[in-house]
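Enquirer: Below you will find the structure I want to go over with you.
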Amino acid sequence: NMDQMIVIASQAIPVTDPFLIDRVAAIAELKDCEPVVVLNKCDLNPAEELFQRYQATGIRTMQVSAETGEGLEELAACLHGKVSVFTGNSGVGKSSLLNALDERFQIETGEISKKLKRGKHTTRHSQVIPVEKNTFLVDTPGFSSLYLTDMKEEELRDYFPEFVMYEPQCRFQGCMHIHEPGCAVKKALSEGKISQQRYDNYLALYEELKEKRRY
């Protein structure tokens, strides 16, 4: 019953690996849940390159700051009338964003470990927070790793939205966009129309799913 998955990320400490964003976005697409990439702590690092990269995919992307309030109006409008799950690696500011959106929440927040440069878990269980009629937020524990489940490797291409517009132009039906000749996705990649890192992450996730099926 989730409408959207709000993937909180940061390019300030702790820095989010884009591979994690792509993994979570693929899981959201698999579950018919719209992914939204929210780049927090933009007062410390605006994450402009990441913003441009994900905006170009067609995934809704925004730059916000729980500290200064930047972008919170846009985020609040995005959440209105929907069931939204907040997720992301530990320390990126999920709980701080929720508190900034509504001071009534008073969710516990934690400090960043200076030694490990990553967040300490403060949210220990998922909790549903009713905001107003038909608007619910779900706060989830932070994580350091996450694995794809219930997905076959040949399905993965369907969950990278920037591939979809080029796929009809591929020479072969069912093209995996890896080794096949006449692949329109690889052509778009060579022309800079698709992010190289996004494509590399696609290959890594594809191999991960392939290995999982083997074993």
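Residue numbers start at 1 in each chain; chains themselves are named A, B, ... in the order of the structure tokens; ligands are numbered from 1 in the order shown.
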Near Pro18 of chain A, counting only C-alpha atoms, which residues have an atom at most 12 Å away, once you skip same-chain residues fewer than 4 positions from it, shown as number ranges by chain?

Expert: A: 7-11, 22-25, 37, 39, 47, 49-51, 53-54, 88-89, 195-202

Enquirer: Please provide as an NGL selection string all residues within 9 Å of segment 60-74 of chain A, with the sequence filter that same-chain residues fewer than 3 positions apart are discarded (counting only C-alpha atoms).

Expert: :A and (34-44 or 46-48 or 51-52 or 54-55 or 57 or 77-79 or 93 or 96-101)

Enquirer: With C-alpha atoms retained, export the selected residues as an mmCIF file, in the first residue's frame.

Expert:
```cif
data_model
loop_
_atom_site.group_PDB
_atom_site.id
_atom_site.type_symbol
_atom_site.label_atom_id
_atom_site.label_comp_id
_atom_site.auth_asym_id
_atom_site.auth_seq_id
_atom_site.Cartn_x
_atom_site.Cartn_y
_atom_site.Cartn_z
ATOM 1 C CA GLU A 34 7.515 5.520 -7.147
ATOM 2 C CA PRO A 35 11.108 6.298 -6.104
ATOM 3 C CA VAL A 36 11.926 9.874 -5.118
ATOM 4 C CA VAL A 37 15.567 10.824 -4.544
ATOM 5 C CA VAL A 38 15.974 13.470 -1.837
ATOM 6 C CA LEU A 39 19.489 14.881 -1.442
ATOM 7 C CA ASN A 40 19.698 16.133 2.134
ATOM 8 C CA LYS A 41 22.356 18.323 3.791
ATOM 9 C CA CYS A 42 22.619 20.476 0.675
ATOM 10 C CA ASP A 43 23.710 23.351 2.924
ATOM 11 C CA LEU A 44 26.948 21.388 3.412
ATOM 12 C CA PRO A 46 24.553 20.634 -2.745
ATOM 13 C CA ALA A 47 25.283 17.307 -4.521
ATOM 14 C CA GLU A 48 24.734 19.070 -7.837
ATOM 15 C CA PHE A 51 20.958 15.983 -8.678
ATOM 16 C CA GLN A 52 21.556 16.393 -12.415
ATOM 17 C CA TYR A 54 18.958 11.468 -11.276
ATOM 18 C CA GLN A 55 16.838 14.272 -12.652
ATOM 19 C CA THR A 57 16.633 9.637 -15.501
ATOM 20 C CA ALA A 77 3.991 18.972 -1.365
ATOM 21 C CA CYS A 78 5.394 15.705 -2.723
ATOM 22 C CA LEU A 79 4.224 13.839 0.409
ATOM 23 C CA GLY A 93 19.107 12.678 8.158
ATOM 24 C CA SER A 96 15.928 15.121 11.108
ATOM 25 C CA LEU A 97 13.955 15.720 7.922
ATOM 26 C CA LEU A 98 10.790 14.319 9.459
ATOM 27 C CA ASN A 99 11.252 16.556 12.510
ATOM 28 C CA ALA A 100 11.844 19.555 10.238
ATOM 29 C CA LEU A 101 8.678 18.783 8.273
#
```

Enquirer: Can you list, as a PyMOL selection string, all residues belonging to chain A that DSSP tags as strand (DSSP E or B)?

Expert: chain A and resi 4-10+34-40+60-63+83-87+89+112-113+118-119+127-132+135-139+143

Enquirer: How about saving the chosen residues, N, CA and C atoms kept, as a compact mmCIF listing (two decimals), in the first residue's frame?

Expert:
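What ended up in out.txt:
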```txt
# COMPACT_ATOMS: atom_id res chain seq x y z
N GLN A 4 5.03 5.84 -2.53
CA GLN A 4 6.35 6.27 -2.97
C GLN A 4 7.40 5.97 -1.91
N MET A 5 8.62 5.74 -2.40
CA MET A 5 9.75 5.51 -1.52
C MET A 5 10.67 6.72 -1.60
N ILE A 6 10.83 7.40 -0.49
CA ILE A 6 11.67 8.59 -0.44
C ILE A 6 13.08 8.14 -0.07
N VAL A 7 13.97 8.14 -1.04
CA VAL A 7 15.35 7.69 -0.83
C VAL A 7 16.18 8.89 -0.39
N ILE A 8 16.49 8.94 0.89
CA ILE A 8 17.29 10.05 1.42
C ILE A 8 18.76 9.74 1.21
N ALA A 9 19.48 10.69 0.63
CA ALA A 9 20.91 10.51 0.36
C ALA A 9 21.64 11.80 0.73
N SER A 10 22.95 11.72 0.77
CA SER A 10 23.75 12.89 1.13
C SER A 10 25.13 12.79 0.51
N GLU A 34 6.71 4.49 -6.47
CA GLU A 34 7.52 5.52 -7.15
C GLU A 34 8.73 5.92 -6.30
N PRO A 35 9.94 5.82 -6.85
CA PRO A 35 11.11 6.30 -6.10
C PRO A 35 11.25 7.81 -6.23
N VAL A 36 11.63 8.44 -5.14
CA VAL A 36 11.93 9.87 -5.12
C VAL A 36 13.27 10.04 -4.43
N VAL A 37 14.23 10.63 -5.11
CA VAL A 37 15.57 10.82 -4.54
C VAL A 37 15.63 12.20 -3.89
N VAL A 38 15.89 12.22 -2.59
CA VAL A 38 15.97 13.47 -1.84
C VAL A 38 17.41 13.62 -1.32
N LEU A 39 18.10 14.63 -1.81
CA LEU A 39 19.49 14.88 -1.44
C LEU A 39 19.51 15.87 -0.28
N ASN A 40 19.73 15.34 0.92
CA ASN A 40 19.70 16.13 2.13
C ASN A 40 21.08 16.75 2.41
N ARG A 60 11.99 11.58 -9.88
CA ARG A 60 11.84 12.87 -9.20
C ARG A 60 12.97 13.05 -8.20
N THR A 61 13.66 14.18 -8.28
CA THR A 61 14.85 14.43 -7.47
C THR A 61 14.78 15.84 -6.90
N MET A 62 15.18 15.98 -5.65
CA MET A 62 15.17 17.32 -5.05
C MET A 62 16.34 17.49 -4.08
N GLN A 63 16.74 18.73 -3.90
CA GLN A 63 17.81 19.11 -2.97
C GLN A 63 17.17 19.79 -1.77
N VAL A 83 1.10 7.70 0.88
CA VAL A 83 1.82 6.91 1.87
C VAL A 83 3.27 6.86 1.40
N SER A 84 4.17 7.48 2.16
CA SER A 84 5.57 7.63 1.75
C SER A 84 6.49 6.97 2.76
N VAL A 85 7.39 6.13 2.27
CA VAL A 85 8.36 5.46 3.12
C VAL A 85 9.69 6.19 3.02
N PHE A 86 10.24 6.60 4.15
CA PHE A 86 11.55 7.24 4.19
C PHE A 86 12.61 6.17 4.41
N THR A 87 13.60 6.13 3.53
CA THR A 87 14.65 5.12 3.68
C THR A 87 15.99 5.73 3.26
N ASN A 89 20.68 5.23 3.95
CA ASN A 89 21.72 4.74 4.84
C ASN A 89 21.75 5.56 6.14
N ILE A 112 26.93 11.76 14.03
CA ILE A 112 27.74 11.01 13.10
C ILE A 112 29.02 10.57 13.81
N SER A 113 29.37 9.30 13.64
CA SER A 113 30.61 8.80 14.21
C SER A 113 31.80 9.42 13.48
N ARG A 118 30.06 7.56 9.63
CA ARG A 118 28.74 7.09 9.27
C ARG A 118 27.80 7.29 10.44
N GLY A 119 26.51 7.20 10.16
CA GLY A 119 25.53 7.48 11.18
C GLY A 119 25.36 6.35 12.18
N GLN A 127 8.02 2.82 11.78
CA GLN A 127 6.83 3.38 12.42
C GLN A 127 6.05 4.22 11.43
N VAL A 128 4.72 4.06 11.47
CA VAL A 128 3.84 4.81 10.58
C VAL A 128 3.40 6.08 11.31
N ILE A 129 3.59 7.21 10.65
CA ILE A 129 3.27 8.50 11.26
C ILE A 129 2.14 9.16 10.47
N PRO A 130 0.94 9.24 11.04
CA PRO A 130 -0.15 9.94 10.34
C PRO A 130 0.08 11.45 10.41
N VAL A 131 -0.02 12.11 9.27
CA VAL A 131 0.22 13.55 9.20
C VAL A 131 -1.10 14.30 9.09
N GLU A 132 -1.91 13.89 8.14
CA GLU A 132 -3.24 14.44 7.93
C GLU A 132 -4.03 13.41 7.16
N THR A 135 -2.53 11.14 4.34
CA THR A 135 -1.09 11.40 4.26
C THR A 135 -0.40 10.69 5.42
N PHE A 136 0.47 9.73 5.07
CA PHE A 136 1.17 8.95 6.08
C PHE A 136 2.65 8.86 5.71
N LEU A 137 3.50 9.00 6.71
CA LEU A 137 4.94 8.85 6.53
C LEU A 137 5.39 7.62 7.31
N VAL A 138 6.30 6.86 6.73
CA VAL A 138 6.83 5.68 7.39
C VAL A 138 8.33 5.88 7.58
N ASP A 139 8.76 5.95 8.82
CA ASP A 139 10.18 6.09 9.14
C ASP A 139 10.75 4.68 9.33
N PHE A 143 20.35 1.75 7.20
CA PHE A 143 21.05 0.50 6.88
C PHE A 143 22.38 0.82 6.23
```

Enquirer: If we count only C-alpha atoms, what is near segment 179-187 of chain A at a cut-off of 10 Å, once residues fewer than 6 positions away on the same chain are taken out, given as a PyMOL selection string?

Expert: chain A and resi 162-172+193-194+196+199

Enquirer: For a test of reading the model, state the distance in Å between atom CA of Ala28 of chain A and atom CA of Glu191 of chain A, rounded to one decimal.

Expert: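 That distance, rounded to one decimal, is 28.0 Å.
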
Enquirer: Identify which of the residues A:Glu207, A:Gly174, A:Lys152, A:Arg213 lies closest to Ile27 of chain A, counting only C-alpha atoms when measuring atom-to-atom distances.

Expert: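 Result for the nearest residue to Ile27 of chain A: A:Lys152.
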
Enquirer: Could you pull out all residues of chain A with a DSSP call of helix (DSSP H, G or I) and give them as JSON, numbers by chain?

Expert: {"A": [18, 19, 20, 21, 22, 23, 24, 25, 26, 27, 28, 29, 30, 48, 49, 50, 51, 52, 53, 54, 55, 56, 57, 72, 73, 74, 75, 76, 77, 78, 79, 94, 95, 96, 97, 98, 99, 100, 101, 153, 154, 155, 156, 157, 158, 159, 161, 162, 163, 164, 167, 168, 169, 184, 185, 186, 187, 188, 189, 190, 196, 197, 198, 199, 200, 201, 202, 203, 204, 205, 206, 207, 208, 209, 210, 211, 212, 213, 214]}

Enquirer: Compare A:Leu156, A:Val15, A:Leu20, A:Ala56 by their minimum atom-to-atom distance to Val92 of chain A, counting only C-alpha atoms, and give me the closest one.

Expert: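 That would be A:Val15, the residue with the smallest distance to Val92 of chain A.
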
Enquirer: Could you tell me how far atom CA of Phe160 of chain A lies from atom CA of Ala204 of chain A, in Å and to one decimal?

Expert: 13.2 Å
